[in-house]
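All remarks here apply to the structure that follows.
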Protein chains: 2
Amino acid sequence: MNQPRDIVKKLTEHGYRLTPQRLMIVSAIEDSDGHISAEEIYAQVIAKYPQVNISTVYRTLELLKKLGLVTETDFGEGRVRYHPAGKGHHHHLVCQECGAIVDLDESVLVPLKNVLLREYGFSADLRHLAIFGRCVKCSQ
Amino acid sequence: MNQPRDIVKKLTEHGYRLTPQRLMIVSAIEDSDGHISAEEIYAQVIAKYPQVNISTVYRTLELLKKLGLVTETDFGEGRVRYHPAGKGHHHHLVCQECGAIVDLDESVLVPLKNVLLREYGFSADLRHLAIFGRCVKCSQ
DNA sequence: AGGTATATTGCAAGCTTTTGCAATTACAAC
DNA sequence: GTTGTAATTGCAAAAGCTTGCAATATACCT
Ligand SMILES: [Zn+2]
Ligand SMILES: [Zn+2]
Ligand SMILES: [Zn+2]
Ligand SMILES: [Zn+2]
């Protein structure tokens, strides 16, 4: 599991600077339940460091995504949520009718990943998906 | 294949009004290559009907989505693209490294759809996906 | 410790999409 | 055809996210 320490290590390894802003943003993500929004990260950061700008939050999230340290998932709420890669992978089924969200084990996507790799040589980044549709109740 | 006429039929069947704005928006989508953005639809509409507002375009797209007449796909461009459901289903593999986009037959997603239905009773709406990752060339 | 290069930040402006509200319009009923 | 009613629209503002640029700060070198 990635702890802030590991993320910090990966940042320095890649030549990125350790700024107080980045450290606080990383901590906010790691301390979350794993489905945190940019605005929620921002709120936590400015509580301790009020002059930080939200564009720094977005730029840091983009960097962490690029390094594979966080995933970005759209649950259809009008804002996107972030998950630290170190907290384990899974997916979600989102009912567009009633809003119910069911968790899905990572293994369900493995066959698709394999087909894409075998038949297209394509390494699909399928971590922490939100799959939309209709749940059992709403399909009647 | 849905023609504008079929979309019009479905709108009236469901009790929605046929406004000139809606008719022009539907035509723009049907006349497109199947990957049209809201801004592009808007440009076509105001060429003939200059007082139309772009929020009407977005509201109409939301309605057509709800009725299953168009799909919405994010290719990672910072804007979303729309596809008329009547033009047939397929998916895309999008390389995050070089930007290459490969088409994918609809059948590749069928096993996943079936597993979700069998094991979770969930009817996944997996039409016209953009799957991100790395293409063969960029995986070396 | 001090100096330097350049990565990073804050700020302001911009882009895409959504939303509240009052004015308008489609459609049904007469 | 007129009227009534509710759906739809245009407008303006706002929400979420991105970007250009000048100012700042980190990490490296001495
Ligand atoms: Zn999750
Ligand atoms: Zn449901
Ligand atoms: Zn397509
Ligand atoms: Zn590529």
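Going by the structure tokens order, chains are called A, B, ..., each with residues numbered from 1, while ligands are numbered from 1 in the order shown.
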
Show me which bits of chain A are within 9 Å of chain B, counting only C-alpha atoms, as a PyMOL selection string.
chain A and resi 93-95+102+108-109+111-112+115-117+120-126+131-137+139

Restrict the distance test to only C-alpha atoms (C1' of nucleotides), flag each residue of chain B within 9 Å of chain C, and return the flagged residues as a list in words.
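Matching residues, ligands excluded from the count: Arg17, Leu18, Thr19, Ser55, Tyr58, Gly78 and Arg79 of chain B.
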
Give as a list in words the residues surrounding ligand 3 up to a distance of 9 Å, considering only C-alpha atoms (C1' of nucleotides) and all ligand atoms.
Asp33, Gly34, His35, Thr73, Arg81, Tyr82, His83, His89, His90, His91, His92, Asp103, Leu104, His128, Leu129 and Ala130 of chain B

For the residues in that selection, give me N, CA and C atoms as an mmCIF file, in the first residue's frame.
```cif
data_model
loop_
_atom_site.group_PDB
_atom_site.id
_atom_site.type_symbol
_atom_site.label_atom_id
_atom_site.label_comp_id
_atom_site.auth_asym_id
_atom_site.auth_seq_id
_atom_site.Cartn_x
_atom_site.Cartn_y
_atom_site.Cartn_z
ATOM 1 N N ASP B 33 -20.595 12.748 -38.582
ATOM 2 C CA ASP B 33 -19.888 11.473 -38.748
ATOM 3 C C ASP B 33 -20.066 10.580 -37.522
ATOM 4 N N GLY B 34 -20.791 11.061 -36.520
ATOM 5 C CA GLY B 34 -21.039 10.243 -35.351
ATOM 6 C C GLY B 34 -20.144 10.564 -34.166
ATOM 7 N N HIS B 35 -19.352 11.620 -34.272
ATOM 8 C CA HIS B 35 -18.532 12.035 -33.132
ATOM 9 C C HIS B 35 -18.555 13.549 -33.070
ATOM 10 N N THR B 73 -19.609 10.352 -25.187
ATOM 11 C CA THR B 73 -18.304 9.737 -24.969
ATOM 12 C C THR B 73 -17.236 10.797 -24.763
ATOM 13 N N ARG B 81 -18.222 14.065 -26.811
ATOM 14 C CA ARG B 81 -18.755 13.908 -28.167
ATOM 15 C C ARG B 81 -19.976 12.996 -28.178
ATOM 16 N N TYR B 82 -20.863 13.252 -29.117
ATOM 17 C CA TYR B 82 -22.155 12.560 -29.169
ATOM 18 C C TYR B 82 -22.268 11.730 -30.430
ATOM 19 N N HIS B 83 -22.931 10.595 -30.271
ATOM 20 C CA HIS B 83 -23.072 9.617 -31.340
ATOM 21 C C HIS B 83 -24.541 9.188 -31.406
ATOM 22 N N HIS B 89 -23.216 0.475 -32.943
ATOM 23 C CA HIS B 89 -22.373 0.602 -31.757
ATOM 24 C C HIS B 89 -20.954 0.120 -32.024
ATOM 25 N N HIS B 90 -20.025 0.754 -31.366
ATOM 26 C CA HIS B 90 -18.626 0.348 -31.388
ATOM 27 C C HIS B 90 -17.947 1.085 -30.245
ATOM 28 N N HIS B 91 -16.655 0.828 -30.070
ATOM 29 C CA HIS B 91 -15.924 1.479 -28.989
ATOM 30 C C HIS B 91 -14.585 1.968 -29.517
ATOM 31 N N HIS B 92 -13.814 2.597 -28.630
ATOM 32 C CA HIS B 92 -12.515 3.118 -29.055
ATOM 33 C C HIS B 92 -11.456 2.863 -27.993
ATOM 34 N N ASP B 103 -10.453 1.759 -33.376
ATOM 35 C CA ASP B 103 -11.838 1.332 -33.219
ATOM 36 C C ASP B 103 -11.898 -0.092 -32.699
ATOM 37 N N LEU B 104 -12.986 -0.382 -31.993
ATOM 38 C CA LEU B 104 -13.123 -1.654 -31.328
ATOM 39 C C LEU B 104 -14.535 -2.140 -31.592
ATOM 40 N N HIS B 128 -20.532 2.625 -27.055
ATOM 41 C CA HIS B 128 -19.610 3.708 -27.461
ATOM 42 C C HIS B 128 -18.708 4.197 -26.337
ATOM 43 N N LEU B 129 -17.882 3.272 -25.845
ATOM 44 C CA LEU B 129 -16.895 3.588 -24.801
ATOM 45 C C LEU B 129 -15.612 4.147 -25.383
ATOM 46 N N ALA B 130 -14.910 4.938 -24.594
ATOM 47 C CA ALA B 130 -13.513 5.272 -24.862
ATOM 48 C C ALA B 130 -12.697 4.656 -23.736
#
```

Name the residues of segment 1-86 of chain A that come out as helix (DSSP H, G or I) in a backbone DSSP run; write them as a PyMOL selection string.
chain A and resi 4-13+20-31+38-48+54-66+85-86

Go ahead and save the residues from that selection, with C-alpha atoms, as a PDB file, in the first residue's frame.
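Written file, again15.pdb:
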```pdb
ATOM      1  CA  PRO A   4       2.438   9.378   1.682  1.00  0.00           C
ATOM      2  CA  ARG A   5       6.088   8.386   2.141  1.00  0.00           C
ATOM      3  CA  ASP A   6       5.946   6.185  -0.943  1.00  0.00           C
ATOM      4  CA  ILE A   7       4.278   8.867  -3.013  1.00  0.00           C
ATOM      5  CA  VAL A   8       6.911  11.338  -1.843  1.00  0.00           C
ATOM      6  CA  LYS A   9       9.606   8.870  -2.838  1.00  0.00           C
ATOM      7  CA  LYS A  10       8.123   8.449  -6.290  1.00  0.00           C
ATOM      8  CA  LEU A  11       7.929  12.209  -6.767  1.00  0.00           C
ATOM      9  CA  THR A  12      11.578  12.801  -5.905  1.00  0.00           C
ATOM     10  CA  GLU A  13      12.667   9.755  -7.933  1.00  0.00           C
ATOM     11  CA  PRO A  20       4.409  22.012   1.033  1.00  0.00           C
ATOM     12  CA  GLN A  21       1.368  22.252  -1.238  1.00  0.00           C
ATOM     13  CA  ARG A  22       2.036  18.842  -2.766  1.00  0.00           C
ATOM     14  CA  LEU A  23       2.669  17.240   0.605  1.00  0.00           C
ATOM     15  CA  MET A  24      -0.614  18.516   1.981  1.00  0.00           C
ATOM     16  CA  ILE A  25      -2.555  17.471  -1.091  1.00  0.00           C
ATOM     17  CA  VAL A  26      -1.077  13.976  -0.944  1.00  0.00           C
ATOM     18  CA  SER A  27      -1.930  13.709   2.754  1.00  0.00           C
ATOM     19  CA  ALA A  28      -5.519  14.764   2.134  1.00  0.00           C
ATOM     20  CA  ILE A  29      -5.935  12.070  -0.498  1.00  0.00           C
ATOM     21  CA  GLU A  30      -4.314   9.379   1.640  1.00  0.00           C
ATOM     22  CA  ASP A  31      -6.407  10.303   4.672  1.00  0.00           C
ATOM     23  CA  ALA A  38     -10.805  18.257  -5.722  1.00  0.00           C
ATOM     24  CA  GLU A  39     -12.963  20.692  -3.772  1.00  0.00           C
ATOM     25  CA  GLU A  40     -12.787  18.471  -0.677  1.00  0.00           C
ATOM     26  CA  ILE A  41      -8.996  18.233  -0.953  1.00  0.00           C
ATOM     27  CA  TYR A  42      -8.841  21.999  -1.370  1.00  0.00           C
ATOM     28  CA  ALA A  43     -10.991  22.573   1.720  1.00  0.00           C
ATOM     29  CA  GLN A  44      -8.632  20.434   3.817  1.00  0.00           C
ATOM     30  CA  VAL A  45      -5.531  22.128   2.480  1.00  0.00           C
ATOM     31  CA  ILE A  46      -6.623  25.734   2.976  1.00  0.00           C
ATOM     32  CA  ALA A  47      -7.665  24.944   6.549  1.00  0.00           C
ATOM     33  CA  LYS A  48      -3.939  24.819   7.336  1.00  0.00           C
ATOM     34  CA  ILE A  54      -7.254  25.406  -6.210  1.00  0.00           C
ATOM     35  CA  SER A  55      -5.400  25.308  -9.514  1.00  0.00           C
ATOM     36  CA  THR A  56      -2.452  23.857  -7.599  1.00  0.00           C
ATOM     37  CA  VAL A  57      -4.752  21.092  -6.384  1.00  0.00           C
ATOM     38  CA  TYR A  58      -5.825  20.323  -9.944  1.00  0.00           C
ATOM     39  CA  ARG A  59      -2.253  20.436 -11.243  1.00  0.00           C
ATOM     40  CA  THR A  60      -1.046  18.133  -8.484  1.00  0.00           C
ATOM     41  CA  LEU A  61      -3.873  15.685  -9.185  1.00  0.00           C
ATOM     42  CA  GLU A  62      -2.900  15.652 -12.853  1.00  0.00           C
ATOM     43  CA  LEU A  63       0.690  14.906 -11.884  1.00  0.00           C
ATOM     44  CA  LEU A  64      -0.301  12.106  -9.510  1.00  0.00           C
ATOM     45  CA  LYS A  65      -2.508  10.623 -12.213  1.00  0.00           C
ATOM     46  CA  LYS A  66       0.365  10.733 -14.693  1.00  0.00           C
ATOM     47  CA  ALA A  85      -3.762   3.722  -6.184  1.00  0.00           C
ATOM     48  CA  GLY A  86      -2.154   2.256  -3.075  1.00  0.00           C
TER      49      GLY A  86
END
```

Could you list, as a list of chain:residue names, every residue of chain D that has an atom within 8 Å of an atom of chain B, counting only C-alpha atoms (C1' of nucleotides)?
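Going by the stated atoms only, the list reads D:DA7, D:DT9, D:DG10.
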
Atom CA of Ser37 of chain B and atom 1 (Zn, counted along the ligand's line) of ligand 4 are how many Å apart?
23.6 Å
